[in-house]
>>> print(open('entry.tsv').read())   # TSV, C-alpha atoms (C1' of nucleotides) and all ligand atoms
chain	number	residue	atom	x	y	z
A	23	MET	CA	44.97	164.14	106.03
A	24	THR	CA	46.50	162.86	109.24
A	25	ILE	CA	47.07	165.15	112.16
A	26	PHE	CA	49.65	164.16	114.72
A	27	VAL	CA	48.95	165.45	118.19
A	28	THR	CA	52.15	164.96	120.14
A	29	ASN	CA	51.58	163.61	123.61
A	30	LEU	CA	53.27	165.70	126.23
A	31	GLN	CA	54.73	163.04	128.47
A	32	ALA	CA	54.04	159.67	129.93
A	33	THR	CA	53.05	159.12	133.53
A	34	LYS	CA	55.78	156.78	134.61
A	35	MET	CA	57.01	155.46	137.88
A	36	PHE	CA	60.75	155.33	137.13
A	37	SER	CA	63.16	157.18	134.88
A	38	LYS	CA	64.73	155.29	132.00
A	39	ALA	CA	68.01	155.36	133.90
A	40	CYS	CA	66.31	153.72	136.84
A	41	GLU	CA	64.66	151.10	134.66
A	42	TYR	CA	67.99	150.16	133.12
A	43	GLY	CA	69.57	150.21	136.57
A	44	ILE	CA	67.13	147.73	138.01
A	45	ARG	CA	67.32	145.49	134.97
A	46	ALA	CA	71.12	145.58	134.97
A	47	ALA	CA	71.37	144.88	138.69
A	48	THR	CA	68.93	142.01	138.35
A	49	TYR	CA	70.95	140.49	135.54
A	50	ILE	CA	74.23	140.90	137.39
A	51	ALA	CA	72.69	139.34	140.49
A	52	SER	CA	71.37	136.35	138.59
A	53	GLN	CA	74.75	135.70	137.01
A	54	SER	CA	76.60	136.30	140.26
A	55	ARG	CA	74.55	133.55	141.81
A	56	ALA	CA	76.29	131.27	139.31
A	57	SER	CA	79.60	132.97	140.16
A	58	ARG	CA	79.79	134.57	136.74
A	59	ARG	CA	81.22	138.05	136.53
A	60	VAL	CA	79.66	139.86	133.58
A	61	SER	CA	80.93	142.58	131.26
A	62	LEU	CA	79.17	145.81	130.38
A	63	LYS	CA	78.69	144.58	126.82
A	64	GLU	CA	77.03	141.39	127.96
A	65	ILE	CA	74.77	143.25	130.37
A	66	ALA	CA	73.65	145.78	127.79
A	67	ASN	CA	72.99	142.96	125.39
A	68	GLU	CA	71.01	140.88	127.86
A	69	ILE	CA	68.82	143.73	129.07
A	70	ASP	CA	68.63	145.40	125.65
A	71	SER	CA	69.93	148.80	126.69
A	72	PRO	CA	72.30	151.37	125.16
A	73	VAL	CA	75.85	150.35	126.09
A	74	ALA	CA	77.41	153.69	127.02
A	75	PHE	CA	74.36	154.89	128.90
A	76	THR	CA	74.26	151.65	130.83
A	77	ALA	CA	77.91	152.21	131.69
A	78	LYS	CA	77.04	155.49	133.40
A	79	ILE	CA	74.32	153.85	135.42
A	80	LEU	CA	76.60	151.01	136.46
A	81	GLN	CA	79.17	153.56	137.59
A	82	ARG	CA	76.55	154.99	139.92
A	83	LEU	CA	75.58	151.61	141.25
A	84	SER	CA	79.25	150.87	141.73
A	85	ARG	CA	79.95	154.13	143.59
A	86	HIS	CA	76.96	153.38	145.79
A	87	GLN	CA	78.44	149.94	146.41
A	88	ILE	CA	75.43	148.14	145.06
A	89	VAL	CA	77.50	146.30	142.46
A	90	SER	CA	81.25	145.85	142.52
A	91	SER	CA	83.29	146.44	139.42
A	92	VAL	CA	86.58	144.91	138.38
A	93	LYS	CA	88.69	146.73	135.84
A	94	GLY	CA	90.94	145.29	133.17
A	95	ALA	CA	90.79	142.17	131.03
A	96	PHE	CA	88.36	139.62	132.39
A	97	GLY	CA	86.92	142.40	134.49
A	98	GLY	CA	83.27	143.26	134.75
A	99	PHE	CA	80.50	143.54	137.31
A	100	GLU	CA	79.38	141.28	140.07
A	101	ILE	CA	77.55	141.21	143.38
A	102	GLU	CA	78.67	139.16	146.37
A	103	HIS	CA	76.33	136.22	146.86
A	104	GLU	CA	75.46	137.00	150.42
A	105	ARG	CA	74.51	140.59	149.60
A	106	ILE	CA	72.00	139.71	146.87
A	107	PRO	CA	69.11	139.09	149.27
A	108	LEU	CA	70.04	142.19	151.24
A	109	ILE	CA	69.98	144.68	148.37
A	110	LYS	CA	66.58	146.28	148.09
A	111	LEU	CA	65.05	147.97	145.10
A	112	SER	CA	64.86	151.16	147.13
A	113	GLN	CA	68.66	151.35	147.28
A	114	ILE	CA	68.92	151.15	143.52
A	115	VAL	CA	66.23	153.76	143.00
A	116	TYR	CA	67.89	156.00	145.55
A	117	ALA	CA	71.31	155.63	143.91
A	118	ILE	CA	69.92	156.72	140.56
A	119	ASP	CA	66.92	158.97	141.18
A	120	GLY	CA	67.78	160.32	144.61
A	121	ASP	CA	65.25	160.87	147.34
A	122	SER	CA	62.52	162.37	145.18
A	123	VAL	CA	60.22	159.45	145.94
A	124	TYR	CA	60.34	160.52	149.54
A	125	VAL	CA	59.98	164.27	149.28
A	126	GLY	CA	58.10	165.06	146.07
A	127	CYS	CA	54.53	166.36	146.01
A	128	GLY	CA	52.12	164.64	143.65
A	129	LEU	CA	50.96	167.96	142.24
A	130	GLY	CA	54.42	169.47	141.98
A	131	LEU	CA	54.46	171.83	144.95
A	132	LYS	CA	57.97	172.46	146.24
A	133	LYS	CA	57.88	169.61	148.71
A	134	CYS	CA	55.21	167.31	150.00
A	135	ASN	CA	54.12	168.85	153.27
A	136	ALA	CA	51.34	167.43	155.40
A	137	LEU	CA	50.95	170.75	157.18
A	138	LYS	CA	50.11	172.58	153.94
A	139	PRO	CA	48.96	169.72	151.77
A	140	CYS	CA	47.89	169.85	148.14
A	141	PRO	CA	44.41	168.56	147.33
A	142	VAL	CA	45.61	165.07	146.45
A	143	HIS	CA	48.03	164.74	149.36
A	144	ASP	CA	46.18	162.12	151.40
A	145	LYS	CA	45.45	159.88	148.47
A	146	PHE	CA	48.88	160.41	146.98
A	147	VAL	CA	50.74	159.67	150.17
A	148	GLU	CA	48.86	156.43	150.57
A	149	ILE	CA	49.99	155.17	147.20
A	150	ARG	CA	53.47	156.51	147.64
A	151	ASN	CA	53.77	154.66	150.92
A	152	GLU	CA	52.79	151.46	149.22
A	153	LEU	CA	55.38	152.11	146.55
A	154	LYS	CA	58.00	152.86	149.19
A	155	HIS	CA	57.11	149.73	151.08
A	156	MET	CA	57.34	147.67	147.92
A	157	LEU	CA	60.75	149.12	147.09
A	158	ASP	CA	62.01	148.65	150.64
A	159	SER	CA	60.83	145.07	150.90
A	160	THR	CA	61.75	143.73	147.48
A	161	SER	CA	65.26	142.34	147.22
A	162	LEU	CA	67.38	141.65	144.19
A	163	PHE	CA	67.22	137.99	145.14
A	164	GLU	CA	63.46	137.92	144.68
A	165	LEU	CA	63.82	139.42	141.22
A	166	THR	CA	66.31	136.78	140.13
A	167	GLU	CA	64.05	133.89	141.12
A	168	GLY	CA	61.54	134.32	138.34
A	169	LEU	CA	64.32	134.96	135.87
A	170	GLU	CA	66.06	131.70	136.69
A	171	ALA	CA	62.77	129.83	136.60
A	172	GLY	CA	62.27	131.27	133.12
A	173	ILE	CA	59.01	132.95	133.99
A	174	THR	CA	60.15	136.57	133.94
A	175	TYR	CA	62.14	138.48	131.34
A	176	LEU	CA	64.56	141.39	131.19
A	177	LYS	CA	63.97	142.02	127.50
A	178	ARG	CA	61.50	141.09	124.82
B	8	MET	CA	86.23	171.88	146.70
B	9	THR	CA	82.62	171.02	146.00
B	10	ILE	CA	81.70	168.41	143.46
B	11	PHE	CA	78.25	168.53	141.94
B	12	VAL	CA	76.96	165.17	140.80
B	13	THR	CA	73.94	165.90	138.65
B	14	ASN	CA	71.02	163.65	139.43
B	15	LEU	CA	69.66	161.93	136.40
B	16	GLN	CA	65.92	162.29	136.93
B	17	ALA	CA	63.28	162.21	139.55
B	18	THR	CA	60.94	159.31	140.12
B	19	LYS	CA	57.63	161.07	139.74
B	20	MET	CA	54.08	159.99	139.31
B	21	PHE	CA	52.89	162.73	136.95
B	22	SER	CA	54.44	164.97	134.33
B	23	LYS	CA	54.66	168.69	135.03
B	24	ALA	CA	51.95	169.21	132.44
B	25	CYS	CA	49.72	166.82	134.31
B	26	GLU	CA	50.44	168.47	137.63
B	27	TYR	CA	49.51	171.87	136.26
B	28	GLY	CA	46.46	170.33	134.59
B	29	ILE	CA	45.11	168.90	137.82
B	30	ARG	CA	45.84	172.07	139.75
B	31	ALA	CA	44.23	174.23	137.07
B	32	ALA	CA	41.14	172.03	136.82
B	33	THR	CA	40.80	172.03	140.58
B	34	TYR	CA	40.97	175.80	140.71
B	35	ILE	CA	38.49	176.22	137.88
B	36	ALA	CA	36.12	173.79	139.56
B	37	SER	CA	36.30	175.56	142.89
B	38	GLN	CA	35.54	178.91	141.27
B	39	SER	CA	32.84	177.44	139.06
B	40	ARG	CA	31.07	176.27	142.17
B	41	ALA	CA	30.73	179.97	142.99
B	42	SER	CA	29.68	180.60	139.37
B	43	ARG	CA	32.87	182.48	138.65
B	44	ARG	CA	34.39	182.05	135.23
B	45	VAL	CA	38.17	182.48	135.49
B	46	SER	CA	40.78	183.73	133.05
B	47	LEU	CA	44.02	182.04	132.11
B	48	LYS	CA	45.97	184.77	133.86
B	49	GLU	CA	44.08	184.31	137.07
B	50	ILE	CA	44.46	180.54	136.94
B	51	ALA	CA	48.19	180.67	136.33
B	52	ASN	CA	48.53	183.14	139.14
B	53	GLU	CA	46.49	181.09	141.59
B	54	ILE	CA	48.25	177.82	140.89
B	55	ASP	CA	51.65	179.44	140.37
B	56	SER	CA	52.33	178.07	136.91
B	57	PRO	CA	53.82	179.49	133.68
B	58	VAL	CA	51.04	181.29	131.84
B	59	ALA	CA	51.65	180.19	128.25
B	60	PHE	CA	52.37	176.60	129.20
B	61	THR	CA	49.21	176.49	131.26
B	62	ALA	CA	47.34	177.78	128.22
B	63	LYS	CA	48.44	174.73	126.21
B	64	ILE	CA	47.28	172.41	128.92
B	65	LEU	CA	43.93	174.15	129.23
B	66	GLN	CA	43.49	173.81	125.48
B	67	ARG	CA	43.86	170.06	125.89
B	68	LEU	CA	41.43	169.93	128.76
B	69	SER	CA	39.05	172.02	126.69
B	70	ARG	CA	39.33	169.79	123.60
B	71	HIS	CA	38.70	166.80	125.84
B	72	GLN	CA	35.64	168.62	127.17
B	73	ILE	CA	36.85	168.56	130.72
B	74	VAL	CA	36.67	172.32	131.01
B	75	SER	CA	34.74	174.64	128.73
B	76	SER	CA	36.35	177.77	127.40
B	77	VAL	CA	34.76	181.02	126.38
B	78	LYS	CA	36.65	183.30	124.04
B	79	GLY	CA	36.67	187.06	123.92
B	80	ALA	CA	36.41	189.74	126.55
B	81	PHE	CA	35.05	188.44	129.82
B	82	GLY	CA	35.82	184.97	128.53
B	83	GLY	CA	37.73	182.35	130.42
B	84	PHE	CA	37.34	178.83	131.70
B	85	GLU	CA	34.60	177.15	133.66
B	86	ILE	CA	33.09	173.78	134.44
B	87	GLU	CA	29.35	173.15	134.65
B	88	HIS	CA	28.34	172.65	138.27
B	89	GLU	CA	26.71	169.32	137.76
B	90	ARG	CA	29.77	167.89	136.00
B	91	ILE	CA	32.24	168.72	138.77
B	92	PRO	CA	31.48	165.60	140.85
B	93	LEU	CA	31.52	163.48	137.68
B	94	ILE	CA	34.94	164.47	136.40
B	95	LYS	CA	37.56	162.04	137.65
B	96	LEU	CA	41.27	162.59	137.96
B	97	SER	CA	41.79	159.74	135.51
B	98	GLN	CA	40.14	161.78	132.75
B	99	ILE	CA	42.50	164.66	133.31
B	100	VAL	CA	45.54	162.41	133.38
B	101	TYR	CA	44.35	160.66	130.26
B	102	ALA	CA	43.76	163.95	128.42
B	103	ILE	CA	47.31	165.06	129.13
B	104	ASP	CA	49.50	161.99	129.49
B	105	GLY	CA	47.53	159.50	127.42
B	106	ASP	CA	47.09	155.88	128.33
B	107	SER	CA	50.64	155.22	129.47
B	108	VAL	CA	49.45	154.54	133.02
B	109	TYR	CA	47.53	151.63	131.63
B	110	VAL	CA	50.03	150.06	129.26
B	111	GLY	CA	53.54	150.92	130.47
B	112	CYS	CA	55.90	148.38	132.03
B	113	GLY	CA	57.58	149.36	135.29
B	114	LEU	CA	60.98	148.33	133.95
B	115	GLY	CA	60.51	149.91	130.52
B	116	LEU	CA	59.82	146.84	128.38
B	117	LYS	CA	57.77	147.70	125.30
B	118	LYS	CA	54.45	147.07	127.01
B	119	CYS	CA	53.40	145.56	130.27
B	120	ASN	CA	52.52	141.98	129.43
B	121	ALA	CA	51.44	139.45	132.02
B	122	LEU	CA	52.33	136.60	129.67
B	123	LYS	CA	55.97	137.66	129.46
B	124	PRO	CA	56.32	139.72	132.61
B	125	CYS	CA	59.36	141.62	133.81
B	126	PRO	CA	60.69	140.72	137.27
B	127	VAL	CA	58.72	143.45	139.05
B	128	HIS	CA	55.49	142.92	137.15
B	129	ASP	CA	53.36	141.48	139.96
B	130	LYS	CA	54.41	144.05	142.49
B	131	PHE	CA	54.25	146.86	140.01
B	132	VAL	CA	50.80	145.97	138.73
B	133	GLU	CA	49.46	145.91	142.25
B	134	ILE	CA	50.57	149.47	142.89
B	135	ARG	CA	49.51	150.64	139.48
B	136	ASN	CA	46.05	149.25	140.06
B	137	GLU	CA	45.79	151.16	143.28
B	138	LEU	CA	46.89	154.29	141.46
B	139	LYS	CA	44.35	153.65	138.71
B	140	HIS	CA	41.63	153.06	141.25
B	141	MET	CA	42.52	156.25	143.05
B	142	LEU	CA	42.44	158.24	139.80
B	143	ASP	CA	39.16	156.65	138.73
B	144	SER	CA	37.45	157.23	142.02
B	145	THR	CA	38.62	160.73	142.88
B	146	SER	CA	36.46	163.51	141.49
B	147	LEU	CA	37.23	167.15	140.99
B	148	PHE	CA	34.53	167.87	143.55
B	149	GLU	CA	36.47	166.05	146.25
B	150	LEU	CA	39.56	168.09	145.48
B	151	THR	CA	37.71	171.37	145.82
B	152	GLU	CA	36.34	170.54	149.26
B	153	GLY	CA	39.61	170.88	151.11
B	154	LEU	CA	40.46	173.98	149.13
B	155	GLU	CA	37.26	175.73	150.14
B	156	ALA	CA	37.70	174.64	153.73
B	157	GLY	CA	41.12	176.24	153.58
B	158	ILE	CA	42.93	173.06	154.51
B	159	THR	CA	44.56	172.29	151.16
B	160	TYR	CA	46.58	174.50	148.85
B	161	LEU	CA	47.30	174.82	145.14
B	162	LYS	CA	50.45	176.82	145.67
B	163	ARG	CA	52.87	177.64	148.46
C	14	DT	C1'	32.42	200.28	114.53
C	15	DT	C1'	36.26	200.57	117.16
C	16	DT	C1'	38.66	198.96	121.10
C	17	DA	C1'	40.02	196.00	124.66
C	18	DA	C1'	40.25	191.54	126.83
C	19	DA	C1'	40.37	187.18	126.21
C	20	DT	C1'	41.38	182.14	124.04
C	21	DC	C1'	43.66	179.47	120.02
C	22	DG	C1'	47.38	177.69	117.92
C	23	DG	C1'	51.77	177.66	115.42
C	24	DA	C1'	56.66	178.49	115.71
C	25	DC	C1'	60.32	179.00	118.48
C	26	DA	C1'	63.61	178.65	122.76
C	27	DA	C1'	65.42	176.65	126.92
C	28	DA	C1'	66.06	173.04	130.12
C	29	DT	C1'	66.49	168.36	131.15
C	30	DA	C1'	66.96	163.51	130.16
C	31	DT	C1'	68.82	160.23	127.27
C	32	DG	C1'	72.40	158.53	124.57
C	33	DT	C1'	77.36	158.56	122.15
C	34	DC	C1'	82.32	158.99	121.68
C	35	DC	C1'	86.78	159.16	122.99
C	36	DT	C1'	90.82	158.91	126.01
C	37	DA	C1'	92.81	157.27	130.26
C	38	DA	C1'	93.55	153.78	133.64
C	39	DT	C1'	93.80	149.02	134.93
C	40	DA	C1'	94.66	144.16	134.82
C	41	DA	C1'	95.49	139.62	132.62
C	42	DC	C1'	97.76	137.20	129.25
C	43	DT	C1'	101.56	136.44	125.89
D	13	DA	C1'	107.33	144.95	127.92
D	14	DG	C1'	103.55	144.87	124.73
D	15	DT	C1'	98.86	143.74	123.56
D	16	DT	C1'	94.23	143.24	124.49
D	17	DA	C1'	89.99	143.50	127.09
D	18	DT	C1'	87.93	145.84	130.17
D	19	DT	C1'	85.88	149.87	133.45
D	20	DA	C1'	86.05	155.20	134.53
D	21	DG	C1'	84.82	159.46	133.33
D	22	DG	C1'	84.69	163.83	130.73
D	23	DA	C1'	82.89	166.07	126.73
D	24	DC	C1'	79.71	166.07	123.42
D	25	DA	C1'	75.14	165.06	120.69
D	26	DT	C1'	70.30	164.07	120.37
D	27	DA	C1'	65.59	163.74	121.94
D	28	DT	C1'	61.98	165.07	124.82
D	29	DT	C1'	59.74	167.99	127.92
D	30	DT	C1'	58.95	172.31	129.48
D	31	DG	C1'	58.32	177.00	128.64
D	32	DT	C1'	57.85	181.57	125.58
D	33	DC	C1'	56.29	184.62	121.92
D	34	DC	C1'	53.39	186.37	118.75
D	35	DG	C1'	49.69	186.91	115.47
D	36	DA	C1'	44.88	185.41	114.50
D	37	DT	C1'	40.33	185.03	116.17
D	38	DT	C1'	36.46	185.87	119.09
D	39	DT	C1'	33.41	188.49	122.06
D	40	DA	C1'	31.62	192.22	124.95
D	41	DA	C1'	31.46	196.86	125.89
D	42	DA	C1'	32.21	201.72	124.83
E	201	LIG	S1	51.60	168.05	149.48
E	201	LIG	FE1	51.14	167.29	147.54
E	201	LIG	S2	51.44	165.20	147.88
E	201	LIG	FE2	51.85	165.95	149.85
E	202	LIG	S1	55.77	143.55	132.33
E	202	LIG	FE1	56.86	144.96	133.49
E	202	LIG	S2	55.29	145.75	134.69
E	202	LIG	FE2	54.18	144.30	133.58
>>> encode(input="entry.tsv", output="structure tokens", more="lines below")
Ligand code: FES
Ligand code: FES
Amino acid sequence: MTIFVTNLQATKMFSKACEYGIRAATYIASQSRASRRVSLKEIANEIDSPVAFTAKILQRLSRHQIVSSVKGAFGGFEIEHERIPLIKLSQIVYAIDGDSVYVGCGLGLKKCNALKPCPVHDKFVEIRNELKHMLDSTSLFELTEGLEAGITYLKR
Amino acid sequence: MTIFVTNLQATKMFSKACEYGIRAATYIASQSRASRRVSLKEIANEIDSPVAFTAKILQRLSRHQIVSSVKGAFGGFEIEHERIPLIKLSQIVYAIDGDSVYVGCGLGLKKCNALKPCPVHDKFVEIRNELKHMLDSTSLFELTEGLEAGITYLKR
DNA sequence: TTTAAATCGGACAAATATGTCCTAATAACT
DNA sequence: AGTTATTAGGACATATTTGTCCGATTTAAA
């Protein structure tokens, strides 16, 4: 007899939406560097994500002016060359997940608050700061480099 | 006119279950140091968590032998003094969230795989390793210290 | 031995995140 | 002007996580 014990949840850094968002933006950026505007269908195919859900996420990125969208036949998504190195991961995360990275408490208290810290506050804040710094300092351009060199992948 | 744009999800390190688990274990540990066995009701009250949900989580911690439970009147939860400094946060996280911290890819590819890495792999792994190290090196004892000194809190 | 206080664990319910479908709007091409 | 390919966005559907309820079991005390 096999007993299945369902796991409650996974400790994960980003939401699915955010994961798709970063992958989509990275793909768009890499194609934009070759002046190719790409369609939703192509994006979803290349990053292996659900089409309609990806559409929602791209809408957000578009409203936040991270990607620009062009409607109609031959439309699609693109990012202006010169902006690619300027767009940081943090902007994408913020557009999709909001500011929770910045305000959340590691143990789920209402807000992280150094004046009334939870027991893991110090250690948590340290790691969160490193995460923040990574997000703030990593540009879309950096992410496309490995892709174009064929050493990183957006799907498997 | 106010328009509500529902946020998709929050970027968070731990699941709610895990947050409650750490808070509960910390409270039990701090009381066990004073040789007080504590009831579910008391725990939920002290960490401000839903009683029945907390019960599930404590069951897990109990099955994983992180806390020991005593049934019946005057029963409750406790942790043997000498084990308190030996129990690491990583064990609690593992008991509740499984090994996802160790295998997950930051961009949601099937598994993190250095041989076919996603574009954020290097940066992600670095932070994840720091998180792992923090979880592996932080004991329940450490978390109780601030509590007993009155400088950290399990609820607000 | 009865009663009361507690955990255990299954089934259920609600909330949230993820994912789908359809219609409208837009733009290029014929 | 009509057709086709595309994004925009609302409504809906499904999956997962979070949370509740209740009966069974256990234990100590009256
Ligand atoms: S108060 Fe919990 S992380 Fe800052
Ligand atoms: S492959 Fe994505 S984090 Fe390692």
>>> atom_distance(input="entry.tsv", atom1="atom CA of Leu108 of chain A", atom2="atom CA of Ser91 of chain A")
18.3 Å
>>> closest_residue(input="entry.tsv", among="D:DA36, D:DA17, D:DA25, D:DA42", to="chain A", atoms="all atoms listed in the file")
D:DA17
>>> interface_residues(input="entry.tsv", of="chain A", to="chain B", cutoff="9 Å", atoms="only C-alpha atoms", output="tab-separated table (two decimals) with C-alpha atoms, in the frame of the given file")
chain	number	residue	atom	x	y	z
A	29	ASN	CA	51.58	163.61	123.61
A	30	LEU	CA	53.27	165.70	126.23
A	31	GLN	CA	54.73	163.04	128.47
A	32	ALA	CA	54.04	159.67	129.93
A	33	THR	CA	53.05	159.12	133.53
A	34	LYS	CA	55.78	156.78	134.61
A	35	MET	CA	57.01	155.46	137.88
A	36	PHE	CA	60.75	155.33	137.13
A	37	SER	CA	63.16	157.18	134.88
A	38	LYS	CA	64.73	155.29	132.00
A	39	ALA	CA	68.01	155.36	133.90
A	40	CYS	CA	66.31	153.72	136.84
A	41	GLU	CA	64.66	151.10	134.66
A	42	TYR	CA	67.99	150.16	133.12
A	44	ILE	CA	67.13	147.73	138.01
A	45	ARG	CA	67.32	145.49	134.97
A	48	THR	CA	68.93	142.01	138.35
A	115	VAL	CA	66.23	153.76	143.00
A	118	ILE	CA	69.92	156.72	140.56
A	119	ASP	CA	66.92	158.97	141.18
A	120	GLY	CA	67.78	160.32	144.61
A	121	ASP	CA	65.25	160.87	147.34
A	122	SER	CA	62.52	162.37	145.18
A	123	VAL	CA	60.22	159.45	145.94
A	126	GLY	CA	58.10	165.06	146.07
A	127	CYS	CA	54.53	166.36	146.01
A	128	GLY	CA	52.12	164.64	143.65
A	129	LEU	CA	50.96	167.96	142.24
A	130	GLY	CA	54.42	169.47	141.98
A	131	LEU	CA	54.46	171.83	144.95
A	132	LYS	CA	57.97	172.46	146.24
A	137	LEU	CA	50.95	170.75	157.18
A	138	LYS	CA	50.11	172.58	153.94
A	139	PRO	CA	48.96	169.72	151.77
A	140	CYS	CA	47.89	169.85	148.14
A	141	PRO	CA	44.41	168.56	147.33
A	142	VAL	CA	45.61	165.07	146.45
A	143	HIS	CA	48.03	164.74	149.36
A	145	LYS	CA	45.45	159.88	148.47
A	146	PHE	CA	48.88	160.41	146.98
A	149	ILE	CA	49.99	155.17	147.20
A	150	ARG	CA	53.47	156.51	147.64
A	152	GLU	CA	52.79	151.46	149.22
A	153	LEU	CA	55.38	152.11	146.55
A	156	MET	CA	57.34	147.67	147.92
A	160	THR	CA	61.75	143.73	147.48
A	164	GLU	CA	63.46	137.92	144.68
A	165	LEU	CA	63.82	139.42	141.22
A	166	THR	CA	66.31	136.78	140.13
A	167	GLU	CA	64.05	133.89	141.12
A	168	GLY	CA	61.54	134.32	138.34
A	169	LEU	CA	64.32	134.96	135.87
A	173	ILE	CA	59.01	132.95	133.99
A	174	THR	CA	60.15	136.57	133.94
A	175	TYR	CA	62.14	138.48	131.34
A	176	LEU	CA	64.56	141.39	131.19
A	177	LYS	CA	63.97	142.02	127.50
A	178	ARG	CA	61.50	141.09	124.82
>>> atom_distance(input="entry.tsv", atom1="atom CA of Arg43 of chain B", atom2="atom C1' of DC21 of chain C")
21.7 Å
>>> interface_residues(input="entry.tsv", of="chain D", to="chain B", cutoff="8 Å", atoms="only C-alpha atoms (C1' of nucleotides)", output="ChimeraX atom specification")
/D:30-32,38-40
>>> closest_residue(input="entry.tsv", among="B:Leu68, B:Val132, B:Ala51, B:Ala62", to="chain C", atoms="all atoms listed in the file")
B:Ala62
>>> atom_distance(input="entry.tsv", atom1="atom CA of Leu80 of chain A", atom2="atom CA of Glu64 of chain A")
12.8 Å
>>> closest_residue(input="entry.tsv", among="A:Asp144, A:Ser61, A:Ala51, A:Ser84", to="ligand LIG 201 (chain E)", atoms="all atoms listed in the file")
A:Asp144
>>> closest_residue(input="entry.tsv", among="B:Ile86, B:Ala41, B:Ala31, B:Leu47", to="chain C", atoms="all atoms listed in the file")
B:Leu47
>>> closest_residue(input="entry.tsv", among="B:Val45, B:Val110, B:Cys119, B:Ile94", to="chain C", atoms="only C-alpha atoms (C1' of nucleotides)")
B:Val45
>>> closest_residue(input="entry.tsv", among="B:Asn52, B:Asn120, B:Ser39, B:Gln66", to="chain C", atoms="all atoms listed in the file")
B:Gln66
>>> interface_residues(input="entry.tsv", of="chain C", to="chain B", cutoff="10 Å", atoms="all atoms listed in the file", output="PyMOL selection string")
chain C and resi 17-22+29-31
>>> build_atoms(input="entry.tsv", residues="segment 105-116 of chain B", atoms="N, CA, C and O atoms", output="mmCIF file, keeping the file's coordinate frame")
data_model
loop_
_atom_site.group_PDB
_atom_site.id
_atom_site.type_symbol
_atom_site.label_atom_id
_atom_site.label_comp_id
_atom_site.auth_asym_id
_atom_site.auth_seq_id
_atom_site.Cartn_x
_atom_site.Cartn_y
_atom_site.Cartn_z
ATOM 1 N N GLY B 105 47.912 160.660 128.210
ATOM 2 C CA GLY B 105 47.530 159.500 127.420
ATOM 3 C C GLY B 105 47.360 158.257 128.268
ATOM 4 O O GLY B 105 47.221 158.350 129.484
ATOM 5 N N ASP B 106 47.421 157.102 127.612
ATOM 6 C CA ASP B 106 47.090 155.880 128.330
ATOM 7 C C ASP B 106 48.293 155.156 128.909
ATOM 8 O O ASP B 106 48.215 153.981 129.252
ATOM 9 N N SER B 107 49.416 155.876 129.024
ATOM 10 C CA SER B 107 50.640 155.220 129.470
ATOM 11 C C SER B 107 50.483 154.565 130.848
ATOM 12 O O SER B 107 51.103 153.543 131.123
ATOM 13 N N VAL B 108 49.655 155.146 131.707
ATOM 14 C CA VAL B 108 49.450 154.540 133.020
ATOM 15 C C VAL B 108 48.966 153.101 132.853
ATOM 16 O O VAL B 108 49.299 152.224 133.633
ATOM 17 N N TYR B 109 48.195 152.913 131.789
ATOM 18 C CA TYR B 109 47.530 151.630 131.630
ATOM 19 C C TYR B 109 48.367 150.589 130.894
ATOM 20 O O TYR B 109 48.159 149.404 131.072
ATOM 21 N N VAL B 110 49.314 151.032 130.078
ATOM 22 C CA VAL B 110 50.030 150.060 129.260
ATOM 23 C C VAL B 110 51.520 149.920 129.593
ATOM 24 O O VAL B 110 52.140 148.933 129.220
ATOM 25 N N GLY B 111 52.098 150.927 130.256
ATOM 26 C CA GLY B 111 53.540 150.920 130.470
ATOM 27 C C GLY B 111 54.024 149.823 131.397
ATOM 28 O O GLY B 111 53.319 149.401 132.303
ATOM 29 N N CYS B 112 55.258 149.367 131.151
ATOM 30 C CA CYS B 112 55.900 148.380 132.030
ATOM 31 C C CYS B 112 56.797 149.136 133.008
ATOM 32 O O CYS B 112 57.476 150.085 132.633
ATOM 33 N N GLY B 113 56.785 148.709 134.255
ATOM 34 C CA GLY B 113 57.580 149.360 135.290
ATOM 35 C C GLY B 113 59.066 149.358 135.002
ATOM 36 O O GLY B 113 59.785 150.259 135.421
ATOM 37 N N LEU B 114 59.554 148.378 134.267
ATOM 38 C CA LEU B 114 60.980 148.330 133.950
ATOM 39 C C LEU B 114 61.263 148.749 132.519
ATOM 40 O O LEU B 114 62.360 148.518 132.002
ATOM 41 N N GLY B 115 60.270 149.328 131.838
ATOM 42 C CA GLY B 115 60.510 149.910 130.520
ATOM 43 C C GLY B 115 60.491 148.948 129.354
ATOM 44 O O GLY B 115 60.916 149.310 128.255
ATOM 45 N N LEU B 116 59.993 147.715 129.554
ATOM 46 C CA LEU B 116 59.820 146.840 128.380
ATOM 47 C C LEU B 116 58.712 147.442 127.519
ATOM 48 O O LEU B 116 57.921 148.247 127.998
#
